[in-house]
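This report concerns only the one structure given below.
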Amino acid sequence: MNVDPRDWASSIRAQVAQGFAYLDLLTAVDYPEAQRIEIVLVLLRPGTAEISTVTTSVDRREPRLGSLVDVLPGASWHEREIAEMFGVEFDGHPDPRPLLLAPGLGLHPLRKETVLGARAVTPWPGARSGHEEGASSGRRTRRTSPPPGVPADWLREAES
Amino acid sequence: MTEVPRQARGVIALDPVSCTSCMICVRECPDWCIEIDSHTEEVTEPGARRPRYVAVLDRFTIDWGLCMYCGICVEACPFDALFWSPEHDYASQDAGGLVHETQRLADWLSSAPQR
Ligand code: SF4
Ligand code: SF4
């Protein structure tokens, strides 16, 4: 079920009233081309196998959404995580302190444009060619494309 | 306390006998947590014209500090060498202790229900 962000909290409240009272998952997905961030909530009905998935989308340039903490207190940590990882602000969150990242990091690591710098300097274990070319002799095949999350031109120097 | 379900993703067990060192799991793992060392050995069968080359696995490690328990490696292995086990009691005081070597991974096999 996809709802308008203005109806987010009220829609969830209705789901909880119908018995979907267990918060299984609350996360987000970044869609840069569509300029939106999707918020995904999965609720379970305890004692049954029934699940209810509710989604909404917020504008990526100014992402904000009403907090669910009033409806589902367990949403607190998840919203703090989404706030850090995707830069979404949750209006009415009672305690919006940073949860996982160093204060002042200045980036939202799960946004697609975030460069995964560590990947550029970490040797890819798959670069070893296994037994075909004698991995035990220490020979490594050159990786033809950069790892996901690393800009292509970062590795040009190392490969030339 | 509730029992851990048998199909829980607790730890991944390796069957070193089935593993062909094909590197598929290493390359599919999104977190780069598997490392493999291997070499080839020449085997000459009596009566054969040419020697055969077989892959020998020297070392297989999984770093549980990096693993996100997605199961892609288990799914991707074409040789049924990786299995989920519900065992989960392997916390460590230091990050290096979360890197399990070949034998430690093989020891989980007896608790893997799919095996
Ligand atoms: S479960 Fe996923 S993250 Fe863990 S070793 Fe396998 S592929 Fe890598
Ligand atoms: S995919 Fe399977 S056979 Fe290939 S290296 Fe990994 S565990 Fe071994």
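Chain lettering (A, B, ...) mirrors the order of the structure tokens, residue numbering begins at 1 for each chain separately, and ligand numbering begins at 1 in order of display.
In chain B, the set of residues within 8 Å of chain A (atoms considered: only C-alpha atoms) is B:Ser21, B:Cys22, B:Met23, B:Val26, B:Arg27, B:Trp32, B:Ile34, B:Glu35, B:Ile36, B:Asp37, B:Ser38, B:His39, B:Thr40, B:Ala55, B:Val56.
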Protein and nucleic acid residues within 6 Å of ligand 2 (only C-alpha atoms and all ligand atoms) as a PyMOL selection string:
chain B and resi 19-25+77-79+81-82
Surrounding residues as a ChimeraX atom specification, ligand 1, max 9 Å, only C-alpha atoms and all ligand atoms:
/B:9,11-12,25-34,62-64,66-76
List every residue of chain A that DSSP, applied to the backbone of this structure, places in strand (DSSP E or B), and write the result as a PyMOL selection string.
chain A and resi 2+22-31+36-44+51-59+64-66+89-91+128+140
Grab the residues selected above and save them as a short mmCIF file (atom, residue, chain, number, x, y, z; two decimals), in the first residue's frame with N, CA, C and O atoms.
```cif
data_model
loop_
_atom_site.label_atom_id
_atom_site.label_comp_id
_atom_site.auth_asym_id
_atom_site.auth_seq_id
_atom_site.Cartn_x
_atom_site.Cartn_y
_atom_site.Cartn_z
N ASN A 2 0.66 2.13 -0.95
CA ASN A 2 1.42 3.37 -1.00
C ASN A 2 0.51 4.52 -0.60
O ASN A 2 -0.60 4.64 -1.09
N TYR A 22 2.88 -5.15 15.06
CA TYR A 22 4.30 -5.46 15.29
C TYR A 22 5.14 -4.84 14.18
O TYR A 22 4.95 -5.15 13.00
N LEU A 23 6.08 -3.98 14.57
CA LEU A 23 6.95 -3.32 13.59
C LEU A 23 8.07 -4.30 13.22
O LEU A 23 8.92 -4.62 14.03
N ASP A 24 8.02 -4.76 11.98
CA ASP A 24 9.04 -5.72 11.53
C ASP A 24 10.23 -5.00 10.92
O ASP A 24 11.37 -5.38 11.16
N LEU A 25 9.96 -3.96 10.15
CA LEU A 25 11.02 -3.31 9.38
C LEU A 25 10.60 -1.89 9.03
O LEU A 25 9.47 -1.65 8.65
N LEU A 26 11.52 -0.96 9.20
CA LEU A 26 11.28 0.42 8.75
C LEU A 26 12.58 0.92 8.14
O LEU A 26 13.60 1.01 8.83
N THR A 27 12.56 1.17 6.85
CA THR A 27 13.79 1.56 6.17
C THR A 27 13.46 2.50 5.01
O THR A 27 12.31 2.95 4.89
N ALA A 28 14.44 2.81 4.18
CA ALA A 28 14.22 3.74 3.08
C ALA A 28 15.01 3.29 1.86
O ALA A 28 15.96 2.51 1.97
N VAL A 29 14.61 3.77 0.69
CA VAL A 29 15.31 3.49 -0.57
C VAL A 29 15.46 4.81 -1.31
O VAL A 29 14.50 5.58 -1.41
N ASP A 30 16.67 5.07 -1.80
CA ASP A 30 16.95 6.32 -2.51
C ASP A 30 16.74 6.13 -4.01
O ASP A 30 17.29 5.20 -4.60
N TYR A 31 15.92 6.97 -4.62
CA TYR A 31 15.72 6.97 -6.08
C TYR A 31 16.14 8.33 -6.63
O TYR A 31 15.30 9.22 -6.79
N ARG A 36 13.25 11.19 -5.38
CA ARG A 36 12.45 10.86 -4.21
C ARG A 36 13.15 9.83 -3.35
O ARG A 36 14.03 9.10 -3.81
N ILE A 37 12.75 9.83 -2.09
CA ILE A 37 13.21 8.80 -1.17
C ILE A 37 11.97 8.07 -0.69
O ILE A 37 11.00 8.69 -0.24
N GLU A 38 11.98 6.78 -0.87
CA GLU A 38 10.83 5.98 -0.47
C GLU A 38 11.05 5.46 0.95
O GLU A 38 12.13 4.97 1.26
N ILE A 39 10.03 5.58 1.78
CA ILE A 39 10.08 5.04 3.13
C ILE A 39 9.25 3.76 3.12
O ILE A 39 8.13 3.74 2.58
N VAL A 40 9.82 2.69 3.64
CA VAL A 40 9.16 1.37 3.59
C VAL A 40 8.94 0.87 5.01
O VAL A 40 9.88 0.78 5.80
N LEU A 41 7.71 0.55 5.31
CA LEU A 41 7.37 0.01 6.63
C LEU A 41 6.70 -1.34 6.46
O LEU A 41 5.78 -1.49 5.65
N VAL A 42 7.19 -2.35 7.16
CA VAL A 42 6.57 -3.67 7.13
C VAL A 42 6.03 -3.97 8.53
O VAL A 42 6.78 -3.92 9.51
N LEU A 43 4.74 -4.25 8.60
CA LEU A 43 4.09 -4.57 9.87
C LEU A 43 3.62 -6.02 9.85
O LEU A 43 3.26 -6.54 8.79
N LEU A 44 3.64 -6.66 10.99
CA LEU A 44 3.14 -8.03 11.10
C LEU A 44 1.94 -8.05 12.02
O LEU A 44 1.83 -7.24 12.94
N ILE A 51 1.34 -10.05 6.74
CA ILE A 51 2.16 -8.84 6.77
C ILE A 51 1.47 -7.72 6.01
O ILE A 51 0.64 -7.97 5.13
N SER A 52 1.81 -6.52 6.38
CA SER A 52 1.28 -5.35 5.69
C SER A 52 2.45 -4.43 5.40
O SER A 52 3.19 -4.04 6.30
N THR A 53 2.65 -4.12 4.12
CA THR A 53 3.75 -3.24 3.72
C THR A 53 3.17 -1.90 3.32
O THR A 53 2.29 -1.83 2.45
N VAL A 54 3.63 -0.85 3.97
CA VAL A 54 3.14 0.49 3.67
C VAL A 54 4.34 1.33 3.22
O VAL A 54 5.39 1.33 3.87
N THR A 55 4.19 2.02 2.10
CA THR A 55 5.28 2.87 1.61
C THR A 55 4.76 4.28 1.37
O THR A 55 3.56 4.50 1.17
N THR A 56 5.70 5.23 1.40
CA THR A 56 5.39 6.59 1.01
C THR A 56 6.66 7.19 0.43
O THR A 56 7.75 6.63 0.62
N SER A 57 6.53 8.28 -0.30
CA SER A 57 7.71 8.90 -0.89
C SER A 57 7.80 10.36 -0.49
O SER A 57 6.80 11.06 -0.44
N VAL A 58 9.05 10.78 -0.21
CA VAL A 58 9.27 12.18 0.14
C VAL A 58 10.23 12.78 -0.88
O VAL A 58 11.02 12.06 -1.51
N ASP A 59 10.16 14.10 -1.03
CA ASP A 59 11.02 14.80 -1.98
C ASP A 59 12.47 14.72 -1.51
O ASP A 59 12.80 15.10 -0.40
N ARG A 64 11.30 15.28 4.36
CA ARG A 64 10.79 15.28 5.74
C ARG A 64 9.46 14.55 5.79
O ARG A 64 8.72 14.49 4.82
N LEU A 65 9.22 13.98 6.96
CA LEU A 65 8.05 13.13 7.13
C LEU A 65 7.67 13.15 8.61
O LEU A 65 8.55 13.32 9.47
N GLY A 66 6.38 12.98 8.89
CA GLY A 66 5.93 12.94 10.28
C GLY A 66 6.45 11.68 10.96
O GLY A 66 6.48 10.60 10.37
N GLU A 89 14.28 14.10 7.55
CA GLU A 89 13.96 14.67 8.86
C GLU A 89 12.59 14.16 9.31
O GLU A 89 11.64 14.14 8.52
N PHE A 90 12.50 13.71 10.55
CA PHE A 90 11.23 13.21 11.06
C PHE A 90 10.61 14.22 12.02
O PHE A 90 11.10 14.40 13.14
N ASP A 91 9.55 14.87 11.55
CA ASP A 91 8.89 15.88 12.38
C ASP A 91 8.22 15.23 13.57
O ASP A 91 7.52 14.22 13.43
N ARG A 128 41.68 -12.07 -7.25
CA ARG A 128 42.47 -13.28 -7.42
C ARG A 128 41.77 -14.18 -8.41
O ARG A 128 40.57 -14.31 -8.38
N ARG A 140 47.58 -11.47 -9.58
CA ARG A 140 46.20 -11.01 -9.53
C ARG A 140 45.82 -10.46 -10.88
O ARG A 140 46.61 -9.77 -11.51
#
```
Check the DSSP output for the backbone and give back, as a PDB file with N, CA, C and O atoms, in the first residue's frame, the residues of stretch 17-65 of chain B in alpha helix (DSSP H).
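Wrote part_0.pdb, looks like this:
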```pdb
ATOM      1  N   ILE B  24      33.317 -18.168  -7.229  1.00  0.00           N
ATOM      2  CA  ILE B  24      32.017 -17.530  -7.506  1.00  0.00           C
ATOM      3  C   ILE B  24      31.483 -16.833  -6.255  1.00  0.00           C
ATOM      4  O   ILE B  24      31.061 -15.678  -6.304  1.00  0.00           O
ATOM      5  N   CYS B  25      31.544 -17.509  -5.114  1.00  0.00           N
ATOM      6  CA  CYS B  25      31.020 -16.896  -3.883  1.00  0.00           C
ATOM      7  C   CYS B  25      31.808 -15.639  -3.524  1.00  0.00           C
ATOM      8  O   CYS B  25      31.240 -14.631  -3.105  1.00  0.00           O
ATOM      9  N   VAL B  26      33.124 -15.697  -3.697  1.00  0.00           N
ATOM     10  CA  VAL B  26      33.978 -14.547  -3.370  1.00  0.00           C
ATOM     11  C   VAL B  26      33.561 -13.337  -4.190  1.00  0.00           C
ATOM     12  O   VAL B  26      33.467 -12.221  -3.690  1.00  0.00           O
ATOM     13  N   ARG B  27      33.274 -13.582  -5.480  1.00  0.00           N
ATOM     14  CA  ARG B  27      32.954 -12.468  -6.368  1.00  0.00           C
ATOM     15  C   ARG B  27      31.527 -11.993  -6.219  1.00  0.00           C
ATOM     16  O   ARG B  27      31.220 -10.829  -6.478  1.00  0.00           O
ATOM     17  N   GLU B  28      30.625 -12.873  -5.813  1.00  0.00           N
ATOM     18  CA  GLU B  28      29.231 -12.467  -5.656  1.00  0.00           C
ATOM     19  C   GLU B  28      28.992 -11.756  -4.333  1.00  0.00           C
ATOM     20  O   GLU B  28      28.054 -10.985  -4.199  1.00  0.00           O
TER      21      GLU B  28
END
```
Show which residues sit within 12 Å of B:Ala91, as a ChimeraX atom specification. Count only C-alpha atoms, and ignore same-chain residues fewer than 5 positions away.
/B:10-11,64-65,96-100
